[in-house]
Amino acid sequence: VERAHNIRNDFGEVATLAREQGESGLKKLSLEVGRPLKPMLAKKTEGIENAVADMGGIAAWEIKYDGMRVQIHKKGSEIRVFTRRLDDVSKQFYDIVELASESISAKDCILEGEAVGVDPNTRRPLPFQQLSRRIKRKYDIEELSREIPVTVNLFDILYLDGKSLLDSPFEERRKLLVKSVNPSGSKFAFAEQLISGEKKKIKRFYERALSMGHEGLMAKNLK
């Protein structure tokens, strides 16, 4: 039931399906392009030492960006952008729609990433509070987009050309993500990643992320 609700975000639909078709019906539910799903959330760990121990070996370490988590849904030529709260912000972030249209080679897909506001002069990341001004903007959207441009850092692909990838290993999903997108410089790119289990390398990567103005690192199990 929890899995079904994460995919559909509609208790009424899930309850009806459970009543009429039971567990087998719930298991058949899959992702639908254009319908946002609940994002997976990470848990915090104090320090590199603890994080490495928690991962238990080699893992994927990615920069944790201070921005707005986005789901990008592409179905043919139609592209929609959703926030982690499942709000459709395609109009407010028309620039992300344009970048996605130019860069995504897959016909149908659901991508996840982090949209980061950047200072147009220094290119340094801006605090999320400034980026959030764009989320509910209804007027003068283009003017604000010039004041607070964004870069998109992609880190996952959940659906590709008719197939859900929710149960696929992260290592495989990352490869499919790379095959499905032609990056547009730093504006629409892949989240920087380090595959390692060595504490010194991970610590250097962590310090680099901080020096760039980001929040730290995310650790992900390759399997």
# chains A, B, ... in the order shown; residues from 1 in each chain; ligands from 1
$ residues_around --residues "Ser164 in chain A" --least-positions-apart "5" --cutoff "9 Å" --atoms "only C-alpha atoms" --output "list in words"
Ser30, Leu31, Glu32, Leu158 and Tyr159 of chain A
$ select_by_dssp --residues "range 75-122 of chain A" --states "helix (DSSP H, G or I)" --output "ChimeraX atom specification"
/A:94-103
$ closest_atom_pairs --of "range 127-194 of chain A" --to "range 92-96 of chain A" --cutoff "12 Å" --atoms "only C-alpha atoms" --output "tab-separated table"
residue	atom	partner	partner_atom	distance
A:Leu131	CA	A:Phe93	CA	10.8
A:Ser132	CA	A:Gln92	CA	10.7
A:Arg133	CA	A:Gln92	CA	10.0
A:Arg134	CA	A:Gln92	CA	6.3
A:Ile135	CA	A:Gln92	CA	6.2
A:Lys136	CA	A:Gln92	CA	7.3
A:Arg137	CA	A:Gln92	CA	6.4
A:Lys138	CA	A:Gln92	CA	7.4
A:Tyr139	CA	A:Gln92	CA	9.1
A:Asp140	CA	A:Gln92	CA	9.7
A:Ile141	CA	A:Gln92	CA	6.2
A:Glu142	CA	A:Gln92	CA	8.5
A:Glu143	CA	A:Gln92	CA	11.0
A:Leu144	CA	A:Gln92	CA	9.4
A:Ser145	CA	A:Phe93	CA	7.8
A:Arg146	CA	A:Asp95	CA	10.0
A:Ile148	CA	A:Phe93	CA	10.7
A:Pro149	CA	A:Asp95	CA	8.4
A:Val150	CA	A:Ile96	CA	7.9
A:Thr151	CA	A:Ile96	CA	8.2
A:Val152	CA	A:Ile96	CA	7.5
A:Asn153	CA	A:Ile96	CA	11.0
A:Leu154	CA	A:Ile96	CA	11.7
A:Ser184	CA	A:Ile96	CA	11.1
A:Lys187	CA	A:Ile96	CA	9.0
A:Phe188	CA	A:Ile96	CA	8.2
A:Ala189	CA	A:Ile96	CA	11.6
$ select_by_dssp --residues "range 31-189 of chain A" --states "strand (DSSP E or B)" --output "ChimeraX atom specification"
/A:59-64,68-75,78-83,88,104,108-118,125,150-160,163-164,181,184,188-189
$ residues_around --residues "range 16-26 of chain A" --least-positions-apart "2" --cutoff "10 Å" --atoms "only C-alpha atoms" --output "JSON, numbers by chain"
{"A": [1, 2, 3, 4, 5, 11, 12, 13, 14, 28, 29, 30]}
$ write_last_selection --atoms "all heavy atoms" --output "mmCIF file, in the first residue's frame"
data_model
loop_
_atom_site.group_PDB
_atom_site.id
_atom_site.type_symbol
_atom_site.label_atom_id
_atom_site.label_comp_id
_atom_site.auth_asym_id
_atom_site.auth_seq_id
_atom_site.Cartn_x
_atom_site.Cartn_y
_atom_site.Cartn_z
ATOM 1 N N VAL A 1 0.840 -1.205 0.000
ATOM 2 C CA VAL A 1 0.000 0.000 0.000
ATOM 3 C C VAL A 1 0.871 1.251 0.000
ATOM 4 O O VAL A 1 0.602 2.220 -0.724
ATOM 5 C CB VAL A 1 -0.936 0.005 1.231
ATOM 6 C CG1 VAL A 1 -1.646 1.344 1.348
ATOM 7 C CG2 VAL A 1 -1.947 -1.124 1.125
ATOM 8 N N GLU A 2 1.933 1.240 0.806
ATOM 9 C CA GLU A 2 2.817 2.405 0.866
ATOM 10 C C GLU A 2 3.486 2.647 -0.479
ATOM 11 O O GLU A 2 3.572 3.782 -0.948
ATOM 12 C CB GLU A 2 3.880 2.189 1.951
ATOM 13 C CG GLU A 2 4.819 3.377 2.105
ATOM 14 C CD GLU A 2 5.859 3.162 3.181
ATOM 15 O OE1 GLU A 2 5.915 2.046 3.748
ATOM 16 O OE2 GLU A 2 6.624 4.094 3.455
ATOM 17 N N ARG A 3 3.960 1.573 -1.105
ATOM 18 C CA ARG A 3 4.590 1.702 -2.427
ATOM 19 C C ARG A 3 3.600 2.265 -3.440
ATOM 20 O O ARG A 3 3.936 3.166 -4.217
ATOM 21 C CB ARG A 3 5.102 0.345 -2.895
ATOM 22 C CG ARG A 3 5.686 0.354 -4.317
ATOM 23 C CD ARG A 3 6.054 -1.056 -4.772
ATOM 24 N NE ARG A 3 6.536 -1.047 -6.143
ATOM 25 C CZ ARG A 3 5.748 -1.080 -7.224
ATOM 26 N NH1 ARG A 3 4.414 -1.103 -7.059
ATOM 27 N NH2 ARG A 3 6.262 -1.086 -8.443
ATOM 28 N N ALA A 4 2.387 1.745 -3.421
ATOM 29 C CA ALA A 4 1.362 2.198 -4.361
ATOM 30 C C ALA A 4 1.058 3.680 -4.164
ATOM 31 O O ALA A 4 0.908 4.436 -5.127
ATOM 32 C CB ALA A 4 0.098 1.363 -4.197
ATOM 33 N N HIS A 5 0.976 4.099 -2.904
ATOM 34 C CA HIS A 5 0.681 5.506 -2.648
ATOM 35 C C HIS A 5 1.847 6.397 -3.046
ATOM 36 O O HIS A 5 1.642 7.517 -3.537
ATOM 37 C CB HIS A 5 0.346 5.728 -1.173
ATOM 38 C CG HIS A 5 -0.026 7.147 -0.869
ATOM 39 N ND1 HIS A 5 0.766 7.987 -0.119
ATOM 40 C CD2 HIS A 5 -1.101 7.891 -1.260
ATOM 41 C CE1 HIS A 5 0.197 9.171 -0.056
ATOM 42 N NE2 HIS A 5 -0.937 9.148 -0.729
ATOM 43 N N PHE A 11 -4.840 8.478 -2.260
ATOM 44 C CA PHE A 11 -5.340 7.447 -1.353
ATOM 45 C C PHE A 11 -6.625 6.812 -1.878
ATOM 46 O O PHE A 11 -6.850 5.613 -1.736
ATOM 47 C CB PHE A 11 -5.593 8.036 0.041
ATOM 48 C CG PHE A 11 -4.365 8.109 0.897
ATOM 49 C CD1 PHE A 11 -3.946 9.322 1.421
ATOM 50 C CD2 PHE A 11 -3.636 6.961 1.194
ATOM 51 C CE1 PHE A 11 -2.812 9.392 2.219
ATOM 52 C CE2 PHE A 11 -2.510 7.015 1.986
ATOM 53 C CZ PHE A 11 -2.089 8.241 2.508
ATOM 54 N N GLY A 12 -7.491 7.620 -2.484
ATOM 55 C CA GLY A 12 -8.740 7.103 -3.003
ATOM 56 C C GLY A 12 -8.514 6.062 -4.078
ATOM 57 O O GLY A 12 -9.140 4.987 -4.068
ATOM 58 N N GLU A 13 -7.628 6.359 -5.016
ATOM 59 C CA GLU A 13 -7.331 5.428 -6.102
ATOM 60 C C GLU A 13 -6.711 4.140 -5.557
ATOM 61 O O GLU A 13 -7.071 3.034 -5.966
ATOM 62 C CB GLU A 13 -6.374 6.074 -7.109
ATOM 63 C CG GLU A 13 -6.012 5.165 -8.271
ATOM 64 C CD GLU A 13 -5.040 5.809 -9.243
ATOM 65 O OE1 GLU A 13 -4.757 7.014 -9.087
ATOM 66 O OE2 GLU A 13 -4.578 5.100 -10.158
ATOM 67 N N VAL A 14 -5.777 4.292 -4.605
ATOM 68 C CA VAL A 14 -5.104 3.123 -4.025
ATOM 69 C C VAL A 14 -6.093 2.264 -3.250
ATOM 70 O O VAL A 14 -6.082 1.033 -3.349
ATOM 71 C CB VAL A 14 -3.935 3.571 -3.117
ATOM 72 C CG1 VAL A 14 -3.360 2.381 -2.345
ATOM 73 C CG2 VAL A 14 -2.838 4.237 -3.946
ATOM 74 N N LYS A 28 0.900 -4.315 -9.410
ATOM 75 C CA LYS A 28 0.967 -4.015 -10.844
ATOM 76 C C LYS A 28 1.123 -2.525 -11.131
ATOM 77 O O LYS A 28 1.459 -2.136 -12.252
ATOM 78 C CB LYS A 28 -0.293 -4.537 -11.545
ATOM 79 C CG LYS A 28 -0.379 -6.052 -11.597
ATOM 80 C CD LYS A 28 -1.680 -6.488 -12.253
ATOM 81 C CE LYS A 28 -1.824 -8.004 -12.243
ATOM 82 N NZ LYS A 28 -3.122 -8.432 -12.842
ATOM 83 N N LEU A 29 0.856 -1.693 -10.130
ATOM 84 C CA LEU A 29 0.969 -0.250 -10.349
ATOM 85 C C LEU A 29 2.393 0.134 -10.724
ATOM 86 O O LEU A 29 3.354 -0.349 -10.126
ATOM 87 C CB LEU A 29 0.562 0.523 -9.093
ATOM 88 C CG LEU A 29 -0.919 0.727 -8.837
ATOM 89 C CD1 LEU A 29 -1.115 1.533 -7.564
ATOM 90 C CD2 LEU A 29 -1.572 1.449 -10.017
ATOM 91 N N SER A 30 2.514 1.003 -11.702
ATOM 92 C CA SER A 30 3.832 1.458 -12.125
ATOM 93 C C SER A 30 3.823 2.977 -12.306
ATOM 94 O O SER A 30 2.789 3.628 -12.150
ATOM 95 C CB SER A 30 4.226 0.784 -13.441
ATOM 96 O OG SER A 30 5.562 1.098 -13.772
#
$ residues_around --residues "Leu41 in chain A" --least-positions-apart "5" --cutoff "12 Å" --atoms "only C-alpha atoms" --output "JSON, numbers by chain"
{"A": [69, 84, 218, 219, 220]}
$ closest_residue --among "A:Pro39, A:Pro183, A:Gly213, A:Gly197" --to "Trp61 in chain A" --atoms "only C-alpha atoms"
A:Gly197
$ closest_residue --among "A:Asn121, A:Gln130, A:Ser168, A:Ser103" --to "Phe190 in chain A" --atoms "only C-alpha atoms"
A:Ser103
$ closest_residue --among "A:Ala191, A:Ile157, A:Cys109, A:Val70" --to "Leu177 in chain A" --atoms "only C-alpha atoms"
A:Ile157
$ closest_residue --among "A:Ile58, A:Leu222, A:Thr45, A:Ile72" --to "Lys201 in chain A" --atoms "only C-alpha atoms"
A:Ile58
$ atom_distance --atom1 "CA of Pro127 in chain A" --atom2 "CA of Gly67 in chain A"
7.4 Å
$ closest_residue --among "A:Ile110, A:Val33, A:Leu217, A:Met55" --to "Lys203 in chain A" --atoms "only C-alpha atoms"
A:Leu217
$ closest_residue --among "A:Glu114, A:Asp66, A:Glu78, A:Glu102" --to "Phe128 in chain A" --atoms "only C-alpha atoms"
A:Asp66
$ residues_around --residues "Phe82 in chain A" --least-positions-apart "5" --cutoff "10 Å" --atoms "only C-alpha atoms" --output "list of chain:residue names"
A:Gly34, A:Arg35, A:Pro36, A:Leu37, A:Met68, A:Arg69, A:Val70, A:Gln71, A:Ile72, A:His73, A:Asp87, A:Asp88, A:Val89, A:Ser90, A:Phe93, A:Glu112
$ write_last_selection --atoms "N, CA, C and O atoms" --output "PDB file, in the first residue's frame"
ATOM      1  N   GLY A  34       4.223  12.200 -16.208  1.00  0.00           N
ATOM      2  CA  GLY A  34       3.281  13.300 -16.042  1.00  0.00           C
ATOM      3  C   GLY A  34       2.628  13.303 -14.683  1.00  0.00           C
ATOM      4  O   GLY A  34       2.015  14.295 -14.286  1.00  0.00           O
ATOM      5  N   ARG A  35       2.748  12.176 -13.963  1.00  0.00           N
ATOM      6  CA  ARG A  35       2.218  12.094 -12.603  1.00  0.00           C
ATOM      7  C   ARG A  35       3.405  11.970 -11.648  1.00  0.00           C
ATOM      8  O   ARG A  35       4.079  10.940 -11.637  1.00  0.00           O
ATOM      9  N   PRO A  36       3.674  12.996 -10.838  1.00  0.00           N
ATOM     10  CA  PRO A  36       4.852  12.962  -9.965  1.00  0.00           C
ATOM     11  C   PRO A  36       4.716  11.937  -8.854  1.00  0.00           C
ATOM     12  O   PRO A  36       3.612  11.648  -8.394  1.00  0.00           O
ATOM     13  N   LEU A  37       5.834  11.366  -8.445  1.00  0.00           N
ATOM     14  CA  LEU A  37       5.840  10.410  -7.354  1.00  0.00           C
ATOM     15  C   LEU A  37       6.598  10.994  -6.169  1.00  0.00           C
ATOM     16  O   LEU A  37       7.414  11.917  -6.321  1.00  0.00           O
ATOM     17  N   MET A  68      16.554  23.273  -5.164  1.00  0.00           N
ATOM     18  CA  MET A  68      15.185  22.767  -5.227  1.00  0.00           C
ATOM     19  C   MET A  68      15.196  21.421  -5.935  1.00  0.00           C
ATOM     20  O   MET A  68      15.624  21.310  -7.082  1.00  0.00           O
ATOM     21  N   ARG A  69      14.763  20.404  -5.238  1.00  0.00           N
ATOM     22  CA  ARG A  69      14.697  19.087  -5.861  1.00  0.00           C
ATOM     23  C   ARG A  69      13.616  19.095  -6.929  1.00  0.00           C
ATOM     24  O   ARG A  69      12.500  19.567  -6.690  1.00  0.00           O
ATOM     25  N   VAL A  70      13.958  18.572  -8.093  1.00  0.00           N
ATOM     26  CA  VAL A  70      13.001  18.582  -9.203  1.00  0.00           C
ATOM     27  C   VAL A  70      12.860  17.199  -9.818  1.00  0.00           C
ATOM     28  O   VAL A  70      13.809  16.420  -9.874  1.00  0.00           O
ATOM     29  N   GLN A  71      11.640  16.909 -10.252  1.00  0.00           N
ATOM     30  CA  GLN A  71      11.364  15.761 -11.107  1.00  0.00           C
ATOM     31  C   GLN A  71      11.052  16.323 -12.481  1.00  0.00           C
ATOM     32  O   GLN A  71      10.183  17.196 -12.617  1.00  0.00           O
ATOM     33  N   ILE A  72      11.730  15.827 -13.470  1.00  0.00           N
ATOM     34  CA  ILE A  72      11.503  16.275 -14.837  1.00  0.00           C
ATOM     35  C   ILE A  72      10.857  15.127 -15.609  1.00  0.00           C
ATOM     36  O   ILE A  72      11.439  14.050 -15.752  1.00  0.00           O
ATOM     37  N   HIS A  73       9.629  15.353 -16.047  1.00  0.00           N
ATOM     38  CA  HIS A  73       8.879  14.333 -16.779  1.00  0.00           C
ATOM     39  C   HIS A  73       8.852  14.707 -18.260  1.00  0.00           C
ATOM     40  O   HIS A  73       8.423  15.810 -18.611  1.00  0.00           O
ATOM     41  N   ASP A  87       4.391  19.904  -6.749  1.00  0.00           N
ATOM     42  CA  ASP A  87       3.775  21.043  -7.431  1.00  0.00           C
ATOM     43  C   ASP A  87       4.351  21.178  -8.838  1.00  0.00           C
ATOM     44  O   ASP A  87       5.565  21.034  -9.043  1.00  0.00           O
ATOM     45  N   ASP A  88       3.499  21.470  -9.794  1.00  0.00           N
ATOM     46  CA  ASP A  88       3.931  21.681 -11.173  1.00  0.00           C
ATOM     47  C   ASP A  88       4.451  23.118 -11.313  1.00  0.00           C
ATOM     48  O   ASP A  88       3.683  24.077 -11.187  1.00  0.00           O
ATOM     49  N   VAL A  89       5.762  23.259 -11.560  1.00  0.00           N
ATOM     50  CA  VAL A  89       6.372  24.592 -11.678  1.00  0.00           C
ATOM     51  C   VAL A  89       6.978  24.777 -13.068  1.00  0.00           C
ATOM     52  O   VAL A  89       7.941  25.523 -13.246  1.00  0.00           O
ATOM     53  N   SER A  90       6.378  24.112 -14.055  1.00  0.00           N
ATOM     54  CA  SER A  90       6.891  24.201 -15.428  1.00  0.00           C
ATOM     55  C   SER A  90       6.869  25.638 -15.944  1.00  0.00           C
ATOM     56  O   SER A  90       7.778  26.066 -16.673  1.00  0.00           O
ATOM     57  N   PHE A  93       9.562  27.778 -14.117  1.00  0.00           N
ATOM     58  CA  PHE A  93      10.919  27.375 -14.514  1.00  0.00           C
ATOM     59  C   PHE A  93      10.917  26.931 -15.973  1.00  0.00           C
ATOM     60  O   PHE A  93      11.348  25.842 -16.309  1.00  0.00           O
ATOM     61  N   GLU A 112      15.404  12.857 -12.007  1.00  0.00           N
ATOM     62  CA  GLU A 112      15.465  13.612 -10.767  1.00  0.00           C
ATOM     63  C   GLU A 112      16.764  14.412 -10.725  1.00  0.00           C
ATOM     64  O   GLU A 112      17.803  13.954 -11.206  1.00  0.00           O
TER      65      GLU A 112
END
$ atom_distance --atom1 "CA of Asn182 in chain A" --atom2 "CA of Leu210 in chain A"
26.8 Å
$ residues_around --residues "range 170-176 of chain A" --least-positions-apart "4" --cutoff "9 Å" --atoms "only C-alpha atoms" --output "list in words"
Ala60, Phe155, Asp156, Ile157, Leu158, Leu160, Leu165, Leu166, Ser180, Val181, Lys220, Asn221, Leu222 and Lys223 of chain A
